[in-house]
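What's in final30.csv: CSV, C-alpha atoms
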```
chain,number,residue,atom,x,y,z
A,24,MET,CA,0.0,0.0,0.0
A,25,LYS,CA,1.3,3.4,-0.9
A,26,ASN,CA,1.8,5.9,1.8
A,27,ALA,CA,2.4,9.7,1.8
A,28,ILE,CA,4.0,12.1,4.2
A,29,ILE,CA,2.8,15.7,4.0
A,30,LEU,CA,5.2,18.0,5.8
A,31,HIS,CA,4.3,21.5,6.9
A,32,GLY,CA,6.4,24.6,6.8
A,33,GLY,CA,8.0,26.5,9.6
A,34,PRO,CA,6.0,29.3,11.2
A,35,SER,CA,7.3,32.2,13.1
A,36,GLU,CA,7.3,31.8,16.9
A,37,LYS,CA,4.4,34.3,17.1
A,38,GLU,CA,2.3,32.3,14.7
A,39,TYR,CA,3.2,29.0,16.5
A,40,TYR,CA,1.9,30.3,19.8
A,41,ASP,CA,-1.1,32.2,18.4
A,42,PRO,CA,-4.2,30.5,20.0
A,43,LYS,CA,-6.3,31.5,17.0
A,44,ALA,CA,-4.0,30.0,14.4
A,45,PRO,CA,-4.3,26.3,13.5
A,46,SER,CA,-1.4,24.0,14.2
A,47,MET,CA,0.9,23.8,11.2
A,48,SER,CA,-0.3,20.3,10.2
A,49,ASN,CA,-3.8,21.6,10.3
A,50,ALA,CA,-3.2,24.7,8.2
A,51,HIS,CA,-3.6,25.6,4.6
A,52,TRP,CA,-4.4,22.7,2.2
A,53,ILE,CA,-2.7,20.0,4.3
A,54,PRO,CA,-5.8,18.4,6.1
A,55,TRP,CA,-7.8,18.5,2.8
A,56,LEU,CA,-5.0,16.8,0.9
A,57,GLN,CA,-4.6,14.2,3.6
A,58,GLY,CA,-8.4,13.4,3.5
A,59,GLN,CA,-8.4,13.1,-0.3
A,60,LEU,CA,-5.4,10.7,-0.2
A,61,LEU,CA,-7.0,8.6,2.5
A,62,LYS,CA,-10.1,8.2,0.3
A,63,VAL,CA,-8.1,6.6,-2.4
A,64,ASP,CA,-6.3,4.3,0.0
A,65,ILE,CA,-3.0,6.2,0.3
A,66,ALA,CA,-2.0,6.2,4.0
A,67,ALA,CA,-1.3,9.9,4.3
A,68,ALA,CA,0.4,11.2,7.4
A,69,THR,CA,0.8,14.8,8.4
A,70,PRO,CA,3.5,14.9,11.1
A,71,GLU,CA,3.4,17.9,13.4
A,72,ILE,CA,6.8,19.2,14.4
A,73,PRO,CA,6.9,20.6,18.0
A,74,HIS,CA,8.5,24.0,18.2
A,75,SER,CA,8.7,24.1,14.4
A,76,PHE,CA,9.6,27.8,14.5
A,77,ASP,CA,13.0,26.6,15.8
A,78,ARG,CA,14.5,24.7,12.8
A,79,ASN,CA,16.2,21.9,14.8
A,80,TRP,CA,17.1,19.1,12.4
A,81,GLN,CA,17.0,16.4,15.1
A,82,THR,CA,13.4,17.3,16.0
A,83,TRP,CA,12.2,17.5,12.4
A,84,ASN,CA,13.9,14.3,11.5
A,85,ARG,CA,12.6,12.4,14.5
A,86,GLU,CA,9.0,13.3,13.8
A,87,VAL,CA,9.2,12.5,10.1
A,88,GLU,CA,10.9,9.2,10.7
A,89,ARG,CA,8.0,8.0,12.9
A,90,PHE,CA,6.5,7.0,9.5
A,91,ASP,CA,7.7,4.5,6.9
A,92,ILE,CA,9.7,6.0,4.1
A,93,GLY,CA,10.4,3.7,1.1
A,94,PRO,CA,9.9,3.1,-2.6
A,95,GLU,CA,6.1,3.4,-2.2
A,96,THR,CA,6.2,6.6,-0.2
A,97,ILE,CA,5.0,9.9,-1.7
A,98,LEU,CA,6.7,13.0,-0.2
A,99,ILE,CA,5.0,16.3,-0.2
A,100,GLY,CA,6.6,19.3,1.5
A,101,HIS,CA,5.6,22.9,1.9
A,102,SER,CA,8.2,25.6,2.3
A,103,THR,CA,10.6,24.5,5.0
A,104,GLY,CA,9.0,21.1,4.8
A,105,ALA,CA,9.9,20.9,1.1
A,106,GLY,CA,13.5,22.0,2.0
A,107,PHE,CA,13.5,19.2,4.6
A,108,PHE,CA,12.9,16.6,2.0
A,109,ILE,CA,15.6,18.0,-0.3
A,110,LYS,CA,18.1,17.6,2.5
A,111,TYR,CA,16.7,14.2,3.6
A,112,LEU,CA,17.0,12.8,0.1
A,113,SER,CA,20.5,14.3,-0.3
A,114,ILE,CA,21.9,12.8,2.8
A,115,HIS,CA,20.2,9.4,2.5
A,116,LYS,CA,21.9,8.6,-0.8
A,117,LYS,CA,20.5,5.1,-1.2
A,118,LEU,CA,16.9,5.9,-0.3
A,119,LYS,CA,14.3,5.4,-3.0
A,120,VAL,CA,10.9,6.9,-2.8
A,121,ASN,CA,7.9,7.4,-5.0
A,122,LYS,CA,6.9,11.0,-6.2
A,123,VAL,CA,8.2,14.1,-4.5
A,124,ILE,CA,6.3,17.4,-4.7
A,125,LEU,CA,7.9,20.5,-3.3
A,126,VAL,CA,5.5,23.3,-2.8
A,127,ALA,CA,7.2,26.7,-2.5
A,128,PRO,CA,10.4,25.1,-1.3
A,129,TRP,CA,12.6,27.1,1.0
A,130,LEU,CA,16.2,26.2,1.9
A,131,ASP,CA,17.3,29.4,3.6
A,132,PRO,CA,19.5,30.2,0.7
A,133,ASP,CA,21.2,33.2,2.4
A,134,HIS,CA,21.8,31.1,5.5
A,135,ASN,CA,20.6,33.9,7.8
A,136,ARG,CA,17.5,32.3,9.4
A,137,THR,CA,18.6,28.8,10.4
A,138,LYS,CA,21.8,27.2,11.8
A,139,ASP,CA,22.8,23.6,11.2
A,140,PHE,CA,19.6,22.9,9.4
A,141,PHE,CA,20.1,23.8,5.7
A,142,ASP,CA,23.7,25.0,5.8
A,143,ASP,CA,25.4,21.6,6.5
A,144,PHE,CA,24.7,19.5,3.4
A,145,LYS,CA,25.3,19.4,-0.3
A,146,ILE,CA,22.3,18.9,-2.6
A,147,ASP,CA,22.5,15.6,-4.4
A,148,SER,CA,22.1,16.6,-8.1
A,149,ASP,CA,21.0,13.0,-9.0
A,150,LEU,CA,18.3,12.6,-6.4
A,151,VAL,CA,15.5,12.6,-9.0
A,152,SER,CA,16.9,9.3,-10.2
A,153,ARG,CA,15.9,7.6,-6.9
A,154,THR,CA,12.3,8.8,-7.2
A,155,LYS,CA,9.4,8.6,-9.6
A,156,GLY,CA,9.8,12.3,-10.3
A,157,VAL,CA,10.4,15.5,-8.3
A,158,THR,CA,8.2,18.5,-9.1
A,159,ILE,CA,8.5,22.0,-7.8
A,160,PHE,CA,5.3,24.0,-7.4
A,161,CYS,CA,5.9,27.7,-7.3
A,162,SER,CA,3.9,30.9,-7.9
A,163,ASP,CA,4.6,34.0,-9.9
A,164,ASN,CA,3.8,36.2,-6.9
A,165,ASP,CA,5.5,34.2,-4.1
A,166,GLN,CA,8.1,37.0,-3.4
A,167,GLU,CA,5.3,39.5,-3.2
A,168,SER,CA,3.4,37.3,-0.9
A,169,VAL,CA,6.3,36.7,1.5
A,170,SER,CA,7.3,40.4,1.5
A,171,LYS,CA,3.7,41.5,2.2
A,172,ASN,CA,3.8,39.7,5.6
A,173,ARG,CA,0.1,40.1,6.1
A,174,ARG,CA,-0.4,38.7,9.6
A,175,TYR,CA,3.0,37.6,10.9
A,176,ALA,CA,6.2,39.5,10.8
A,177,SER,CA,8.4,36.6,9.8
A,178,SER,CA,6.1,33.7,8.9
A,179,ALA,CA,5.6,31.8,5.7
A,180,ASN,CA,8.8,29.8,5.6
B,14,MET,CA,16.0,39.5,3.3
B,15,ILE,CA,13.5,36.7,3.1
B,16,LYS,CA,11.7,38.5,0.3
B,17,LYS,CA,13.6,36.7,-2.4
B,18,ALA,CA,14.5,33.5,-0.5
B,19,SER,CA,11.8,31.3,-1.8
B,20,GLN,CA,12.4,32.3,-5.4
B,21,LYS,CA,16.1,31.9,-4.8
B,22,THR,CA,15.6,28.4,-3.5
B,23,VAL,CA,13.5,27.5,-6.6
B,24,ASP,CA,16.2,28.9,-8.9
B,25,MET,CA,18.9,27.0,-7.0
B,26,LEU,CA,17.1,23.7,-7.2
B,27,HIS,CA,16.3,24.2,-10.8
B,28,GLN,CA,20.0,24.7,-11.5
B,29,GLN,CA,21.4,22.0,-9.2
B,30,ILE,CA,19.1,19.1,-9.5
B,31,LYS,CA,19.0,17.2,-12.8
B,32,ASN,CA,15.6,16.4,-14.4
B,33,ILE,CA,13.6,18.2,-11.7
B,34,LYS,CA,10.2,19.4,-13.0
B,35,TYR,CA,8.9,22.9,-12.4
B,36,ARG,CA,5.3,24.1,-12.4
B,37,GLU,CA,4.4,27.7,-12.0
B,38,PHE,CA,1.0,28.9,-10.8
B,39,HIS,CA,-0.5,32.3,-11.2
B,40,HIS,CA,-1.1,34.3,-8.1
B,41,TYR,CA,-0.9,31.5,-5.5
B,42,GLY,CA,1.6,33.4,-3.4
B,43,HIS,CA,3.3,31.2,-0.9
B,44,PHE,CA,0.5,28.6,-1.2
B,45,THR,CA,-0.9,29.5,2.2
B,46,TYR,CA,-4.6,29.8,3.0
B,47,ASP,CA,-4.3,33.6,3.1
B,48,ASP,CA,-2.9,33.6,-0.4
B,49,MET,CA,-5.1,31.0,-1.9
B,50,GLN,CA,-8.3,31.7,0.0
B,51,THR,CA,-9.2,28.0,0.0
B,52,THR,CA,-8.2,24.9,1.7
B,53,GLU,CA,-8.6,22.8,-1.4
B,54,PHE,CA,-5.7,22.3,-3.8
B,55,PRO,CA,-6.9,20.0,-6.6
B,56,GLU,CA,-3.8,20.7,-8.8
B,57,LEU,CA,-1.6,19.2,-6.1
B,58,LEU,CA,-3.9,16.2,-5.6
B,59,ASN,CA,-3.9,15.6,-9.3
B,60,ALA,CA,-0.1,15.8,-9.4
B,61,VAL,CA,0.1,13.2,-6.6
B,62,LEU,CA,-2.4,10.8,-8.3
B,63,ARG,CA,-1.4,11.2,-11.9
```
Would you mind writing the structure in this file as structure tokens?
Amino acid sequence: MKNAIILHGGPSEKEYYDPKAPSMSNAHWIPWLQGQLLKVDIAAATPEIPHSFDRNWQTWNREVERFDIGPETILIGHSTGAGFFIKYLSIHKKLKVNKVILVAPWLDPDHNRTKDFFDDFKIDSDLVSRTKGVTIFCSDNDQESVSKNRRYASSAN
Amino acid sequence: MIKKASQKTVDMLHQQIKNIKYREFHHYGHFTYDDMQTTEFPELLNAVLR
């Protein structure tokens, strides 16, 4: 049976502790997608990373690895969650998975918002060969969206 | 500083990873509820199931 892991992004600390905001695994399109996949017998998991505003690799890795990851596993990541899967596939060089979809991936390219999270690995340029395809979803106004910072000063990563 | 980080990441991945596919959407922002104004994302579901 196929399974899927849908991994959320990293909020700001303010968003994380906002009692009116949903938990990250319950935000945006994540619960809807999980429901749709379960209805077609894909066991979809939506790990919730505690203290996800603090990009701590051990914590993110521990929560994701609670679930099976193998050739039948579909990986879907949003923002920091998408960046997580790039690193995960890059450092596990023998790992084979099913499809990978990276929604608005973020890898802290200027290395000014995380430490020992995205700045300590090299991207495996051949990682697609160990998957059934890797697709980036991006939007023509993502920069505008991030810069607008509608509700939270430093969220949306 | 974070303003261009997401697009920079996309450019970086596009340049560094062989055979990666790229799909651009119009006006979906950072694919958050605030940007999309919906919790449904059928294009993503179709991409998973296709």
Choose the residue, out of A:Gln59, A:Ile97, A:Lys43, A:Pro34, that has the smallest atom-to-atom separation from Glu71 (chain A); count only C-alpha atoms.
->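 When distances to Glu71 (chain A) are compared using only C-alpha atoms, the smallest one comes from A:Pro34.
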9 Å contacts from chain A to chain B using all atoms listed in the file, as a PyMOL selection string | chain A and resi 50-56+59-60+97+99+101-102+106+122-124+126-133+135-136+146-152+156-171+173+177+179-180
From A:Met24, A:Ile65, A:Ile109, A:Leu30, residue lying nearest Val87 (chain A) [all atoms listed in the file] = A:Leu30
Atom pair CA of Asp139 (chain A) + CA of Ser48 (chain A), distance 23.4 Å
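The interatomic distance for the pair CA of Thr69 (chain A) and CA of His31 (chain A) works out to 7.7 Å.
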Residue completion, region 131-142 of chain A, all heavy atoms, as a CSV table (one decimal), in the frame of the given file:
```csv
chain,number,residue,atom,x,y,z
A,131,ASP,N,16.5,28.4,3.0
A,131,ASP,CA,17.3,29.4,3.6
A,131,ASP,C,18.6,29.7,2.8
A,131,ASP,O,19.7,29.6,3.3
A,131,ASP,CB,17.7,29.0,5.1
A,131,ASP,CG,18.2,30.2,5.8
A,131,ASP,OD1,18.1,31.3,5.4
A,131,ASP,OD2,18.8,29.9,6.9
A,132,PRO,N,18.4,30.1,1.6
A,132,PRO,CA,19.5,30.2,0.7
A,132,PRO,C,20.6,31.3,1.1
A,132,PRO,O,21.8,31.1,0.7
A,132,PRO,CB,18.9,30.6,-0.7
A,132,PRO,CG,17.6,31.2,-0.3
A,132,PRO,CD,17.1,30.5,0.9
A,133,ASP,N,20.2,32.2,1.9
A,133,ASP,CA,21.2,33.2,2.4
A,133,ASP,C,21.8,32.8,3.7
A,133,ASP,O,22.6,33.5,4.3
A,133,ASP,CB,20.5,34.6,2.5
A,133,ASP,CG,20.0,35.1,1.2
A,133,ASP,OD1,20.8,34.9,0.2
A,133,ASP,OD2,18.9,35.6,1.1
A,134,HIS,N,21.3,31.6,4.3
A,134,HIS,CA,21.8,31.1,5.5
A,134,HIS,C,21.8,32.1,6.6
A,134,HIS,O,22.7,32.3,7.4
A,134,HIS,CB,23.3,30.6,5.4
A,134,HIS,CG,23.4,29.5,4.4
A,134,HIS,ND1,22.6,28.4,4.4
A,134,HIS,CD2,24.2,29.3,3.3
A,134,HIS,CE1,22.9,27.6,3.4
A,134,HIS,NE2,23.8,28.1,2.7
A,135,ASN,N,20.7,32.9,6.7
A,135,ASN,CA,20.6,33.9,7.8
A,135,ASN,C,19.4,33.6,8.7
A,135,ASN,O,19.2,34.5,9.6
A,135,ASN,CB,20.6,35.3,7.2
A,135,ASN,CG,19.4,35.5,6.2
A,135,ASN,OD1,18.6,34.6,6.1
A,135,ASN,ND2,19.4,36.6,5.5
A,136,ARG,N,18.7,32.5,8.5
A,136,ARG,CA,17.5,32.3,9.4
A,136,ARG,C,17.6,31.0,10.1
A,136,ARG,O,16.7,30.7,11.0
A,136,ARG,CB,16.2,32.4,8.5
A,136,ARG,CG,16.2,33.7,7.8
A,136,ARG,CD,14.9,34.3,7.5
A,136,ARG,NE,13.7,33.7,7.9
A,136,ARG,CZ,12.9,34.2,8.8
A,136,ARG,NH1,13.2,35.3,9.4
A,136,ARG,NH2,11.8,33.5,9.1
A,137,THR,N,18.5,30.1,9.7
A,137,THR,CA,18.6,28.8,10.4
A,137,THR,C,20.1,28.5,10.6
A,137,THR,O,21.0,29.1,9.9
A,137,THR,CB,18.0,27.7,9.5
A,137,THR,OG1,18.8,27.6,8.3
A,137,THR,CG2,16.6,27.9,9.2
A,138,LYS,N,20.4,27.6,11.5
A,138,LYS,CA,21.8,27.2,11.8
A,138,LYS,C,21.8,25.7,11.9
A,138,LYS,O,20.9,25.1,12.6
A,138,LYS,CB,22.3,27.8,13.1
A,138,LYS,CG,23.7,27.7,13.3
A,138,LYS,CD,24.2,28.6,14.4
A,138,LYS,CE,25.7,28.5,14.6
A,138,LYS,NZ,26.2,27.2,14.9
A,139,ASP,N,22.7,25.0,11.2
A,139,ASP,CA,22.8,23.6,11.2
A,139,ASP,C,21.5,22.9,10.8
A,139,ASP,O,21.1,21.8,11.3
A,139,ASP,CB,23.2,23.1,12.6
A,139,ASP,CG,24.5,23.6,13.1
A,139,ASP,OD1,25.4,23.9,12.3
A,139,ASP,OD2,24.7,23.8,14.3
A,140,PHE,N,20.8,23.5,9.9
A,140,PHE,CA,19.6,22.9,9.4
A,140,PHE,C,19.7,22.8,7.9
A,140,PHE,O,19.6,21.6,7.4
A,140,PHE,CB,18.4,23.8,9.8
A,140,PHE,CG,17.1,23.2,9.6
A,140,PHE,CD1,16.6,22.3,10.6
A,140,PHE,CD2,16.3,23.4,8.5
A,140,PHE,CE1,15.4,21.7,10.5
A,140,PHE,CE2,15.0,22.8,8.4
A,140,PHE,CZ,14.6,21.9,9.4
A,141,PHE,N,20.0,23.9,7.2
A,141,PHE,CA,20.1,23.8,5.7
A,141,PHE,C,21.5,24.2,5.3
A,141,PHE,O,21.8,24.2,4.1
A,141,PHE,CB,19.1,24.7,5.0
A,141,PHE,CG,17.7,24.2,5.1
A,141,PHE,CD1,16.6,25.1,5.3
A,141,PHE,CD2,17.4,22.8,4.9
A,141,PHE,CE1,15.3,24.6,5.3
A,141,PHE,CE2,16.1,22.4,4.9
A,141,PHE,CZ,15.0,23.3,5.1
A,142,ASP,N,22.4,24.5,6.2
A,142,ASP,CA,23.7,25.0,5.8
A,142,ASP,C,24.8,23.9,6.0
A,142,ASP,O,26.0,24.2,5.9
A,142,ASP,CB,24.1,26.2,6.6
A,142,ASP,CG,24.0,26.0,8.1
A,142,ASP,OD1,23.6,24.9,8.5
A,142,ASP,OD2,24.5,26.9,8.9
```
